[in-house]
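Engineer: Below is the file my_file-v6.txt, which contains compact mmCIF, C-alpha atoms.
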```
# COMPACT_ATOMS: atom_id res chain seq x y z
CA MET A 1 0.00 0.00 0.00
CA LYS A 2 1.29 3.43 -0.99
CA ALA A 3 1.48 6.09 1.70
CA THR A 4 0.09 9.51 0.87
CA LYS A 5 1.54 12.66 2.28
CA LYS A 6 -0.87 15.21 3.68
CA LEU A 7 -0.10 18.80 2.79
CA ASP A 8 -0.38 21.49 5.38
CA PRO A 9 -2.19 24.42 3.68
CA GLU A 10 0.04 26.92 5.53
CA LYS A 11 3.23 25.27 4.25
CA SER A 12 2.06 24.71 0.68
CA THR A 13 4.15 26.34 -2.06
CA ARG A 14 1.20 26.32 -4.49
CA THR A 15 -0.53 29.70 -4.74
CA PRO A 16 -4.31 29.74 -4.87
CA LYS A 17 -5.85 30.49 -8.26
CA LYS A 18 -7.10 33.97 -7.35
CA GLU A 19 -3.68 35.10 -6.16
CA GLU A 20 -2.06 33.43 -9.16
CA ALA A 21 -4.25 35.38 -11.59
CA GLU A 22 -3.45 38.68 -9.88
CA SER A 23 0.32 38.09 -9.92
CA ARG A 24 0.43 37.14 -13.62
CA ASN A 25 -1.16 39.92 -15.58
CA TYR A 26 -0.03 38.86 -19.05
CA GLY A 27 1.37 35.37 -18.68
CA GLY A 28 4.99 34.36 -18.52
CA ALA A 29 7.18 33.25 -15.65
CA ARG A 30 7.30 36.59 -13.80
CA ALA A 31 4.59 38.99 -12.80
CA GLY A 32 4.08 41.48 -15.62
CA ALA A 33 5.95 39.31 -18.14
CA GLY A 34 4.55 38.49 -21.55
CA ARG A 35 2.81 40.44 -24.28
CA LYS A 36 0.40 43.17 -23.24
CA PRO A 37 -3.21 42.74 -24.42
CA PHE A 38 -3.97 44.28 -27.80
CA GLU A 39 -5.85 47.56 -27.48
CA PRO A 40 -6.91 49.20 -30.77
CA THR A 41 -6.45 52.94 -31.28
CA ASP A 42 -9.11 55.23 -32.75
CA SER A 43 -7.11 55.61 -35.98
CA GLU A 44 -6.84 51.80 -36.31
CA ARG A 45 -10.60 51.51 -35.82
CA LYS A 46 -11.21 54.06 -38.61
CA GLN A 47 -8.69 52.29 -40.87
CA VAL A 48 -10.33 48.87 -40.36
CA GLU A 49 -13.82 50.29 -40.99
CA ALA A 50 -12.70 51.94 -44.22
CA LEU A 51 -10.85 48.85 -45.49
CA SER A 52 -13.82 46.64 -44.68
CA GLY A 53 -16.06 48.99 -46.63
CA TYR A 54 -13.74 48.79 -49.63
CA GLY A 55 -14.14 45.01 -49.61
CA VAL A 56 -10.57 44.17 -48.57
CA PRO A 57 -10.41 40.56 -47.24
CA PHE A 58 -9.98 40.17 -43.47
CA GLU A 59 -6.55 38.51 -43.84
CA GLN A 60 -5.24 41.53 -45.72
CA ILE A 61 -6.80 44.01 -43.28
CA ALA A 62 -5.11 42.13 -40.42
CA ALA A 63 -1.77 42.41 -42.21
CA LEU A 64 -2.15 46.20 -42.46
CA VAL A 65 -2.93 46.86 -38.79
CA ARG A 66 0.29 47.81 -36.96
CA ASP A 67 2.93 45.31 -38.08
CA GLY A 68 0.25 42.71 -38.70
CA ILE A 69 -2.13 41.04 -36.29
CA HIS A 70 -3.82 37.66 -36.34
CA VAL A 71 -7.18 37.42 -38.11
CA ASP A 72 -8.78 36.15 -34.88
CA THR A 73 -7.56 39.30 -33.08
CA LEU A 74 -9.00 41.42 -35.89
CA ARG A 75 -12.39 39.72 -35.60
CA ASP A 76 -12.32 39.94 -31.80
CA LYS A 77 -11.18 43.54 -31.37
CA PHE A 78 -12.70 45.12 -34.51
CA SER A 79 -15.99 43.23 -34.98
CA ALA A 80 -18.15 46.39 -34.98
CA GLU A 81 -15.84 48.18 -37.45
CA LEU A 82 -15.84 45.20 -39.82
CA LEU A 83 -19.66 45.11 -39.86
CA ASN A 84 -20.18 48.88 -39.97
CA GLY A 85 -17.68 49.43 -42.78
CA LYS A 86 -19.41 46.91 -45.02
CA ALA A 87 -22.89 48.21 -44.12
CA LYS A 88 -21.96 51.84 -44.81
CA ALA A 89 -20.43 50.94 -48.18
CA ASN A 90 -23.48 48.86 -49.17
CA ALA A 91 -25.76 51.75 -48.19
CA GLN A 92 -23.79 54.23 -50.33
CA VAL A 93 -23.79 51.93 -53.37
CA GLY A 94 -27.48 51.16 -52.89
CA LYS A 95 -28.23 54.88 -52.67
CA GLY A 96 -26.38 55.54 -55.93
CA ILE A 97 -28.14 52.74 -57.80
CA PHE A 98 -31.51 53.82 -56.43
CA GLN A 99 -30.90 57.41 -57.55
CA LYS A 100 -29.87 56.26 -61.04
CA ALA A 101 -32.96 54.04 -61.29
CA MET A 102 -35.22 56.90 -60.24
CA ALA A 103 -33.56 59.17 -62.83
CA GLY A 104 -34.51 56.71 -65.60
CA ASP A 105 -31.34 54.65 -66.04
CA THR A 106 -32.77 51.45 -67.54
CA THR A 107 -29.81 49.28 -66.51
CA ALA A 108 -30.14 50.42 -62.90
CA GLN A 109 -33.91 49.82 -63.02
CA ILE A 110 -33.41 46.27 -64.30
CA TRP A 111 -30.75 45.56 -61.66
CA TRP A 112 -32.95 46.99 -58.90
CA SER A 113 -35.97 44.96 -59.97
CA LYS A 114 -33.95 41.73 -60.03
CA CYS A 115 -31.98 42.22 -56.81
CA GLN A 116 -34.40 44.15 -54.63
CA MET A 117 -37.81 43.13 -55.97
CA GLY A 118 -37.05 39.47 -56.72
CA TRP A 119 -37.85 39.72 -60.43
CA LYS A 120 -36.05 37.36 -62.78
CA GLU A 121 -35.81 36.52 -66.41
CA VAL A 122 -37.11 33.03 -67.10
CA GLN A 123 -36.41 31.00 -70.20
CA ARG A 124 -38.54 27.95 -70.57
CA HIS A 125 -37.33 25.06 -72.71
CA GLU A 126 -39.76 22.34 -73.69
CA HIS A 127 -38.99 19.21 -75.62
CA SER A 128 -41.69 17.51 -77.62
CA GLY A 129 -42.05 14.86 -80.26
CA ILE A 130 -43.36 15.11 -83.80
CA ASP A 131 -46.11 17.73 -84.23
CA GLY A 132 -45.84 18.77 -80.58
CA LEU A 133 -46.87 15.37 -79.24
CA PRO A 134 -45.09 13.80 -76.26
CA ILE A 135 -41.80 12.07 -76.98
CA GLU A 136 -42.28 8.32 -77.28
CA PHE A 137 -39.72 5.85 -76.06
CA LYS A 138 -39.79 2.47 -77.78
CA LYS A 139 -37.00 0.87 -75.78
CA ILE A 140 -35.34 1.86 -72.53
CA GLU A 141 -32.21 -0.10 -71.79
CA ARG A 142 -29.64 -0.03 -68.97
CA VAL A 143 -26.05 -0.65 -70.00
CA ILE A 144 -23.42 -1.28 -67.33
CA VAL A 145 -19.84 -0.74 -68.40
CA GLY A 146 -17.23 -2.58 -66.37
CA ALA A 147 -13.45 -2.37 -66.37
CA ASN A 148 -13.10 -5.52 -68.45
CA ASN A 149 -15.67 -4.26 -71.03
CA LEU A 150 -13.69 -1.11 -71.83
CA LYS A 151 -11.85 -0.95 -75.14
CA ASP A 152 -8.73 1.09 -75.80
```
Can I see the file as structure tokens?
Structural biologist:
Amino acid sequence: MKATKKLDPEKSTRTPKKEEAESRNYGGARAGAGRKPFEPTDSERKQVEALSGYGVPFEQIAALVRDGIHVDTLRDKFSAELLNGKAKANAQVGKGIFQKAMAGDTTAQIWWSKCQMGWKEVQRHEHSGIDGLPIEFKKIERVIVGANNLKD
């Protein structure tokens, strides 16, 4: 039978979790060691919102912030800017197309009716037999081709 040693809580070298979290602000072996948390600046927020509105992919936006940040950090710290930039750009483009459609631009009217009103151009193809009668099938046959039936 194996003997177990009882630890005296007053003599324990292990620090409780609460104290451990307070002494290690950023990780690392010493208190205060490690990378500081990423905090975006106002100019970075404006930059990300603008780039998102221009349609720049997230990976490329992340590469342009400071000396480059991870895409997950971009999504975490700039989520509102990413959404707002795209929404503002879409609103501006939509406004322009709407104004052109209202001014009589036929192309803009067609685009608006298809995208915003759900209209679509439909082409219907029908196949029929002689004199418009249904197509008649005299023989329907299933042919199975195997590896040893193939010819070079």
Engineer: Kindly give the distance, in Å, that separates atom CA of A:Glu39 and atom CA of A:Asp72, rounded to a single decimal.
Structural biologist: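 Atom CA of A:Glu39 sits 13.9 Å away from atom CA of A:Asp72.
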Engineer: Quick one, how far is atom CA of A:Tyr54 from atom CA of A:Gly85?
Structural biologist: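 Straight-line distance from atom CA of A:Tyr54 to atom CA of A:Gly85 works out to 7.9 Å.
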Engineer: Given the point (-25.2, 50.5, -60.5) in the coordinates of this file, which residues lie within 9 Å, counting only C-alpha atoms, and how would they look as a list in words?
Structural biologist: Val93, Gly94, Gly96, Ile97, Phe98, Lys100, Ala101, Thr107, Ala108, Trp111 and Trp112 of chain A
Engineer: May I have the residues within 7 Å of A:Val48 as a ChimeraX atom specification, using only C-alpha atoms and disregarding those fewer than 2 positions away in the same chain?
Structural biologist: /A:44-46,50-52,61,81-82
Engineer: What is the distance, in Å and to one decimal place, between atom CA of A:Glu49 and atom CA of A:Lys88?
Structural biologist: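 These two atoms are separated by 9.1 Å.
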